[in-house]
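Source file: start-v8.cif; contents: mmCIF, C-alpha atoms.
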data_data
loop_
_atom_site.group_PDB
_atom_site.id
_atom_site.type_symbol
_atom_site.label_atom_id
_atom_site.label_comp_id
_atom_site.auth_asym_id
_atom_site.auth_seq_id
_atom_site.Cartn_x
_atom_site.Cartn_y
_atom_site.Cartn_z
ATOM 1 C CA LYS Z 1 18.035 8.864 -2.723
ATOM 2 C CA ALA Z 2 15.240 10.441 -0.730
ATOM 3 C CA GLY Z 3 12.043 8.500 -0.394
ATOM 4 C CA VAL Z 4 8.470 9.659 -0.762
ATOM 5 C CA THR Z 5 7.884 12.673 1.471
ATOM 6 C CA GLN Z 6 4.485 13.531 2.865
ATOM 7 C CA THR Z 7 3.496 16.630 4.787
ATOM 8 C CA PRO Z 8 2.113 17.256 7.296
ATOM 9 C CA ARG Z 9 2.600 14.048 9.274
ATOM 10 C CA TYR Z 10 -0.130 14.756 11.774
ATOM 11 C CA LEU Z 11 -3.062 17.119 11.741
ATOM 12 C CA ILE Z 12 -6.335 17.657 13.524
ATOM 13 C CA LYS Z 13 -9.280 19.283 11.783
ATOM 14 C CA THR Z 14 -12.854 20.088 12.704
ATOM 15 C CA ARG Z 15 -15.896 18.698 10.905
ATOM 16 C CA GLY Z 16 -16.817 20.860 7.927
ATOM 17 C CA GLN Z 17 -13.300 22.155 7.364
ATOM 18 C CA GLN Z 18 -11.122 21.234 4.439
ATOM 19 C CA VAL Z 19 -7.601 19.824 4.365
ATOM 20 C CA THR Z 20 -4.774 19.677 1.854
ATOM 21 C CA LEU Z 21 -2.077 17.009 2.034
ATOM 22 C CA SER Z 22 1.162 17.157 0.100
ATOM 23 C CA CYS Z 23 3.359 14.469 -1.424
ATOM 24 C CA SER Z 24 6.780 14.687 -3.046
ATOM 25 C CA PRO Z 25 7.622 11.510 -4.958
ATOM 26 C CA ILE Z 26 10.975 9.825 -5.247
ATOM 27 C CA SER Z 27 13.154 11.787 -7.646
ATOM 28 C CA GLY Z 28 12.411 10.735 -11.212
ATOM 29 C CA HIS Z 29 9.106 9.092 -10.387
ATOM 30 C CA ARG Z 30 6.232 10.527 -12.356
ATOM 31 C CA SER Z 31 3.353 8.386 -11.149
ATOM 32 C CA VAL Z 32 1.800 9.299 -7.810
ATOM 33 C CA SER Z 33 -1.085 7.480 -6.172
ATOM 34 C CA TRP Z 34 -2.994 8.047 -2.943
ATOM 35 C CA TYR Z 35 -4.507 5.556 -0.515
ATOM 36 C CA GLN Z 36 -6.667 5.851 2.567
ATOM 37 C CA GLN Z 37 -6.015 3.467 5.447
ATOM 38 C CA THR Z 38 -8.571 2.952 8.210
ATOM 39 C CA PRO Z 39 -9.025 0.119 10.731
ATOM 40 C CA GLY Z 40 -12.460 -0.683 9.340
ATOM 41 C CA GLN Z 41 -11.942 -0.414 5.592
ATOM 42 C CA GLY Z 42 -8.265 -1.194 5.326
ATOM 43 C CA LEU Z 43 -6.269 0.252 2.448
ATOM 44 C CA GLN Z 44 -8.352 1.821 -0.281
ATOM 45 C CA PHE Z 45 -7.217 3.405 -3.524
ATOM 46 C CA LEU Z 46 -8.127 7.062 -3.949
ATOM 47 C CA PHE Z 47 -6.564 8.126 -7.245
ATOM 48 C CA GLU Z 48 -3.458 8.012 -9.400
ATOM 49 C CA TYR Z 49 -1.738 10.752 -11.380
ATOM 50 C CA PHE Z 50 0.816 10.686 -14.129
ATOM 51 C CA SER Z 51 2.126 13.727 -15.970
ATOM 52 C CA GLU Z 52 -0.445 15.932 -14.258
ATOM 53 C CA THR Z 53 -3.336 13.754 -15.467
ATOM 54 C CA GLN Z 54 -5.599 11.682 -13.272
ATOM 55 C CA ARG Z 55 -5.610 8.262 -14.866
ATOM 56 C CA ASN Z 56 -7.599 6.308 -12.335
ATOM 57 C CA LYS Z 57 -9.955 7.060 -9.489
ATOM 58 C CA GLY Z 58 -11.281 4.970 -6.636
ATOM 59 C CA ASN Z 59 -14.773 4.854 -5.224
ATOM 60 C CA PHE Z 60 -14.734 7.966 -3.064
ATOM 61 C CA PRO Z 61 -17.108 10.933 -3.028
ATOM 62 C CA GLY Z 62 -16.320 14.110 -4.913
ATOM 63 C CA ARG Z 63 -15.152 15.727 -1.667
ATOM 64 C CA PHE Z 64 -11.884 13.935 -2.290
ATOM 65 C CA SER Z 65 -9.811 15.483 -5.031
ATOM 66 C CA GLY Z 66 -6.223 15.703 -6.071
ATOM 67 C CA ARG Z 67 -3.824 17.186 -8.518
ATOM 68 C CA GLN Z 68 -0.289 16.789 -9.721
ATOM 69 C CA PHE Z 69 2.146 19.516 -10.636
ATOM 70 C CA SER Z 70 4.682 19.637 -13.432
ATOM 71 C CA ASN Z 71 7.458 18.615 -11.024
ATOM 72 C CA SER Z 72 5.416 15.467 -10.164
ATOM 73 C CA ARG Z 73 4.594 16.674 -6.671
ATOM 74 C CA SER Z 74 1.004 15.951 -5.753
ATOM 75 C CA GLU Z 75 -1.623 17.250 -3.403
ATOM 76 C CA MET Z 76 -4.894 15.808 -2.273
ATOM 77 C CA ASN Z 77 -7.744 17.805 -0.838
ATOM 78 C CA VAL Z 78 -10.696 16.750 1.247
ATOM 79 C CA SER Z 79 -13.482 19.282 1.605
ATOM 80 C CA THR Z 80 -16.322 19.386 4.130
ATOM 81 C CA LEU Z 81 -14.587 16.968 6.439
ATOM 82 C CA GLU Z 82 -16.578 14.260 8.179
ATOM 83 C CA LEU Z 83 -15.643 12.240 11.235
ATOM 84 C CA GLY Z 84 -15.271 9.172 9.016
ATOM 85 C CA ASP Z 85 -12.484 10.854 7.078
ATOM 86 C CA SER Z 86 -10.162 10.295 10.021
ATOM 87 C CA ALA Z 87 -7.497 8.028 8.592
ATOM 88 C CA LEU Z 88 -3.907 7.578 7.551
ATOM 89 C CA TYR Z 89 -3.477 8.958 4.049
ATOM 90 C CA LEU Z 90 -0.647 7.339 2.154
ATOM 91 C CA CYS Z 91 1.043 8.572 -0.961
ATOM 92 C CA ALA Z 92 3.030 6.249 -3.220
ATOM 93 C CA SER Z 93 5.191 6.843 -6.263
ATOM 94 C CA SER Z 94 6.349 4.698 -9.119
ATOM 95 C CA LEU Z 95 9.028 5.085 -11.751
ATOM 96 C CA LEU Z 96 7.246 3.231 -14.488
ATOM 97 C CA VAL Z 97 3.849 3.249 -16.094
ATOM 98 C CA GLY Z 98 1.866 0.192 -17.059
ATOM 99 C CA THR Z 99 1.047 -2.887 -15.028
ATOM 100 C CA GLY Z 100 3.119 -4.713 -12.461
ATOM 101 C CA ASN Z 101 5.190 -1.752 -11.313
ATOM 102 C CA THR Z 102 6.308 -1.414 -7.735
ATOM 103 C CA ILE Z 103 4.927 1.550 -5.841
ATOM 104 C CA TYR Z 104 6.878 3.026 -2.930
ATOM 105 C CA PHE Z 105 5.041 4.580 -0.022
ATOM 106 C CA GLY Z 106 5.672 7.589 2.134
ATOM 107 C CA GLU Z 107 5.215 7.634 5.894
ATOM 108 C CA GLY Z 108 1.706 8.971 5.577
ATOM 109 C CA SER Z 109 -0.334 11.839 6.934
ATOM 110 C CA TRP Z 110 -2.445 11.118 9.988
ATOM 111 C CA LEU Z 111 -5.694 13.060 9.808
ATOM 112 C CA THR Z 112 -7.991 13.281 12.803
ATOM 113 C CA VAL Z 113 -11.368 14.936 12.329
ATOM 114 C CA VAL Z 114 -13.085 16.094 15.533
ATOM 115 C CA ALA L 1 -12.216 -7.668 -10.728
ATOM 116 C CA GLN L 2 -8.999 -8.039 -8.801
ATOM 117 C CA SER L 3 -8.890 -9.021 -5.155
ATOM 118 C CA VAL L 4 -6.710 -10.673 -2.566
ATOM 119 C CA ALA L 5 -7.627 -12.362 0.686
ATOM 120 C CA GLN L 6 -5.565 -12.842 3.804
ATOM 121 C CA PRO L 7 -7.403 -15.456 5.840
ATOM 122 C CA GLU L 8 -5.501 -14.916 9.093
ATOM 123 C CA ASP L 9 -5.814 -11.723 11.100
ATOM 124 C CA GLN L 10 -2.861 -12.750 13.230
ATOM 125 C CA VAL L 11 -0.006 -15.236 13.078
ATOM 126 C CA ASN L 12 2.049 -16.133 16.138
ATOM 127 C CA VAL L 13 5.436 -17.772 15.812
ATOM 128 C CA ALA L 14 8.446 -18.299 18.050
ATOM 129 C CA GLU L 15 11.737 -16.665 17.159
ATOM 130 C CA GLY L 16 13.878 -18.999 15.078
ATOM 131 C CA ASN L 17 10.916 -20.944 13.733
ATOM 132 C CA PRO L 18 9.756 -20.719 10.120
ATOM 133 C CA LEU L 19 6.849 -18.421 9.382
ATOM 134 C CA THR L 20 4.147 -18.378 6.738
ATOM 135 C CA VAL L 21 1.654 -15.601 6.053
ATOM 136 C CA LYS L 22 -1.088 -16.682 3.694
ATOM 137 C CA CYS L 23 -2.577 -14.885 0.709
ATOM 138 C CA THR L 24 -4.958 -15.999 -2.006
ATOM 139 C CA TYR L 25 -5.869 -13.974 -5.054
ATOM 140 C CA SER L 26 -8.547 -13.580 -7.672
ATOM 141 C CA VAL L 27 -7.632 -11.790 -10.872
ATOM 142 C CA SER L 28 -8.719 -11.459 -14.451
ATOM 143 C CA GLY L 29 -5.663 -11.750 -16.605
ATOM 144 C CA ASN L 30 -2.083 -12.127 -15.431
ATOM 145 C CA PRO L 31 -1.502 -11.782 -11.682
ATOM 146 C CA TYR L 32 0.931 -9.138 -10.494
ATOM 147 C CA LEU L 33 1.329 -9.877 -6.800
ATOM 148 C CA PHE L 34 3.101 -7.992 -4.064
ATOM 149 C CA TRP L 35 3.925 -8.156 -0.367
ATOM 150 C CA TYR L 36 4.369 -5.081 1.781
ATOM 151 C CA VAL L 37 5.146 -4.690 5.486
ATOM 152 C CA GLN L 38 4.002 -1.918 7.792
ATOM 153 C CA TYR L 39 5.601 -1.114 11.125
ATOM 154 C CA PRO L 40 3.631 0.897 13.722
ATOM 155 C CA ASN L 41 2.949 4.477 12.683
ATOM 156 C CA ARG L 42 4.873 4.033 9.455
ATOM 157 C CA GLY L 43 4.091 3.702 5.779
ATOM 158 C CA LEU L 44 4.244 0.477 3.817
ATOM 159 C CA GLN L 45 7.577 -0.987 2.787
ATOM 160 C CA PHE L 46 7.935 -3.130 -0.328
ATOM 161 C CA LEU L 47 9.157 -6.687 0.318
ATOM 162 C CA LEU L 48 8.836 -8.550 -2.960
ATOM 163 C CA LYS L 49 6.708 -9.128 -6.029
ATOM 164 C CA TYR L 50 5.781 -11.761 -8.570
ATOM 165 C CA ILE L 51 5.364 -10.730 -12.170
ATOM 166 C CA THR L 52 6.304 -13.796 -14.164
ATOM 167 C CA GLY L 53 8.863 -16.562 -14.223
ATOM 168 C CA ASP L 54 10.157 -18.500 -11.223
ATOM 169 C CA ASN L 55 7.418 -19.393 -8.759
ATOM 170 C CA LEU L 56 9.702 -18.759 -5.786
ATOM 171 C CA VAL L 57 10.396 -15.079 -5.364
ATOM 172 C CA LYS L 58 13.078 -13.798 -3.013
ATOM 173 C CA GLY L 59 12.794 -10.406 -1.398
ATOM 174 C CA SER L 60 14.110 -8.144 1.321
ATOM 175 C CA TYR L 61 15.113 -9.147 4.876
ATOM 176 C CA GLY L 62 15.225 -12.864 4.052
ATOM 177 C CA PHE L 63 11.587 -13.123 3.009
ATOM 178 C CA GLU L 64 10.412 -15.154 0.064
ATOM 179 C CA ALA L 65 7.055 -15.974 -1.458
ATOM 180 C CA GLU L 66 5.740 -18.915 -3.399
ATOM 181 C CA PHE L 67 3.397 -18.335 -6.303
ATOM 182 C CA ASN L 68 0.990 -21.222 -6.889
ATOM 183 C CA LYS L 69 -1.240 -20.774 -9.906
ATOM 184 C CA SER L 70 -3.394 -23.864 -9.354
ATOM 185 C CA GLN L 71 -4.186 -22.842 -5.770
ATOM 186 C CA THR L 72 -4.264 -19.099 -6.613
ATOM 187 C CA SER L 73 -2.010 -18.456 -3.658
ATOM 188 C CA PHE L 74 0.997 -16.291 -2.949
ATOM 189 C CA HIS L 75 2.152 -17.136 0.580
ATOM 190 C CA LEU L 76 4.934 -15.193 2.275
ATOM 191 C CA LYS L 77 7.596 -17.247 4.027
ATOM 192 C CA LYS L 78 10.770 -16.921 6.035
ATOM 193 C CA PRO L 79 12.894 -19.846 7.215
ATOM 194 C CA SER L 80 13.763 -18.350 10.613
ATOM 195 C CA ALA L 81 11.663 -15.602 12.202
ATOM 196 C CA LEU L 82 13.125 -12.681 14.123
ATOM 197 C CA VAL L 83 11.419 -10.632 16.833
ATOM 198 C CA SER L 84 12.030 -7.602 14.618
ATOM 199 C CA ASP L 85 9.821 -9.195 11.934
ATOM 200 C CA SER L 86 6.784 -8.442 14.111
ATOM 201 C CA ALA L 87 4.633 -6.098 12.023
ATOM 202 C CA LEU L 88 1.565 -5.898 9.803
ATOM 203 C CA TYR L 89 1.884 -7.632 6.443
ATOM 204 C CA PHE L 90 -0.178 -6.862 3.376
ATOM 205 C CA CYS L 91 -0.634 -8.869 0.223
ATOM 206 C CA ALA L 92 -1.663 -6.919 -2.872
ATOM 207 C CA VAL L 93 -2.460 -7.294 -6.537
ATOM 208 C CA SER L 94 -1.934 -4.498 -9.024
ATOM 209 C CA ASP L 95 -4.150 -3.435 -11.878
ATOM 210 C CA ASN L 96 -3.756 -0.883 -14.624
ATOM 211 C CA PHE L 97 -2.299 2.532 -13.849
ATOM 212 C CA ASN L 98 -0.628 1.396 -10.650
ATOM 213 C CA LYS L 99 -3.925 0.754 -8.855
ATOM 214 C CA PHE L 100 -3.370 -1.731 -6.051
ATOM 215 C CA TYR L 101 -5.906 -3.889 -4.249
ATOM 216 C CA PHE L 102 -4.729 -4.797 -0.767
ATOM 217 C CA GLY L 103 -5.711 -7.591 1.542
ATOM 218 C CA SER L 104 -6.943 -6.873 5.032
ATOM 219 C CA GLY L 105 -3.514 -7.434 6.527
ATOM 220 C CA THR L 106 -2.033 -10.057 8.849
ATOM 221 C CA LYS L 107 -0.403 -9.118 12.118
ATOM 222 C CA LEU L 108 2.716 -11.174 12.678
ATOM 223 C CA ASN L 109 3.825 -11.661 16.275
ATOM 224 C CA VAL L 110 7.238 -13.214 16.801
ATOM 225 C CA LYS L 111 7.833 -14.190 20.423
ATOM 226 C CA PRO L 112 11.358 -14.409 21.865
#
What do you get writing this file as structure tokens?
Amino acid sequence: KAGVTQTPRYLIKTRGQQVTLSCSPISGHRSVSWYQQTPGQGLQFLFEYFSETQRNKGNFPGRFSGRQFSNSRSEMNVSTLELGDSALYLCASSLLVGTGNTIYFGEGSWLTVV
Amino acid sequence: AQSVAQPEDQVNVAEGNPLTVKCTYSVSGNPYLFWYVQYPNRGLQFLLKYITGDNLVKGSYGFEAEFNKSQTSFHLKKPSALVSDSALYFCAVSDNFNKFYFGSGTKLNVKP
């Protein structure tokens, strides 16, 4: 069974540009969540989607947005990029809804903003 | 509010010796606790979780964790460390809608 797939793996963008990252969850998983990982802030929750609905959102500015499609694939978008947005962006999927479910991570997308 | 703390930035252990990576938690309600491992330039891999029941949880690659409610701890353990266990380990607690709160991570160094 294929794992969580994230594309692209590496990208370099310039300040002020926007970026879109893609995530395909494990087959059958309908919950997709996104995390930002930086050396300074660690792992921080961005948002979670289930059945195309955002159910939870972390404490990030409105420049960070996401969506989920009917096939459970998800994208996240960051507009007006800042240097501080340089990070590893991790997508995770889960089979179940509710509390206490295991989430499974992809390899991540490394974003460098110059 | 949910949170976890990993008091050690780094743990050094010799191959073949037992290892412990510490984690304490603070939750409102029932604790749902997890351990993940991250190898360089990779995503996080699930090791084990505690939901309810037996306080000793067994997971992947020979790891186990002990849930202690009175000490609000969930320490990760392995009886005999391998060099290949060297990685970054994260403790986490989950909240509603699959929202996870992660600790700051502990770098495990296993020396040959």
(request) Tell me the residues of chain L close to chain Z, meaning within 12 Å using all atoms listed in the file, as a count of residues only. (result) 43
(request) Give as a list in words the set of residues within 9 Å of the point (6.1, 15.2, -15.6), where distances use the file's coordinates and all atoms listed in the file. (result)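 In the file's frame, the residues around the point are Gly28, His29, Arg30, Ser31, Phe50, Ser51, Glu52, Gln68, Phe69, Ser70, Asn71 and Ser72 of chain Z.
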(request) Please indicate the distance in Å from CA of Ala81 in chain L to CA of Gln10 in chain L, rounded to one decimal place. (result) 14.8 Å
Any chance you could work out the axis-aligned box around range 3-10 of chain L, listed atoms only, 5 Å on each side, giving centre and edge lengths in Å to one decimal, as JSON?
{"center_x": -5.9, "center_y": -12.2, "center_z": 4.0, "size_x": 16.0, "size_y": 16.4, "size_z": 28.4}
(request) Please identify all polymer residues within 6 Å of range 74-78 of chain Z, counting only C-alpha atoms, omitting same-chain residues fewer than 5 positions from it, and present them as a list in words. (result)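 So, after excluding close chain neighbours, the residues are Gln18, Val19, Thr20, Leu21, Ser22, Cys23, Arg63, Phe64, Ser65, Gly66, Arg67 and Gln68 of chain Z.
Compared by their closest atoms to Asp85 in chain L, and using all atoms listed in the file, the residues L:Gly16, L:Leu108, L:Ser60, L:Thr24 rank with L:Leu108 nearest.
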(request) Rank nothing, just name the residue among L:Ser70, L:Thr20, L:Ser86, L:Gln2 nearest to Val110 in chain L, using all atoms listed in the file. (result)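 Ranking L:Ser70, L:Thr20, L:Ser86, L:Gln2 by distance to Val110 in chain L, first place goes to L:Ser86.
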(request) Have a look at L:Glu8, L:Thr72, L:Glu15, L:Asn55 and name the one nearest to Ser84 in chain L; count all atoms listed in the file. (result)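 Residue with the minimum atom-to-atom distance to Ser84 in chain L: L:Glu15.
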(message) Running the PyMOL selection byres ((chain L and resi 111) around 8) on this model by hand, what would come out? Give it as a PyMOL selection string.
(response) chain L and resi 12-15+83+109-110+112
(request) Would you mind reading off the distance between CA of Lys22 in chain L and CA of Phe67 in chain L, one decimal, in Å? (result)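 Between CA of Lys22 in chain L and CA of Phe67 in chain L the gap is 11.1 Å.
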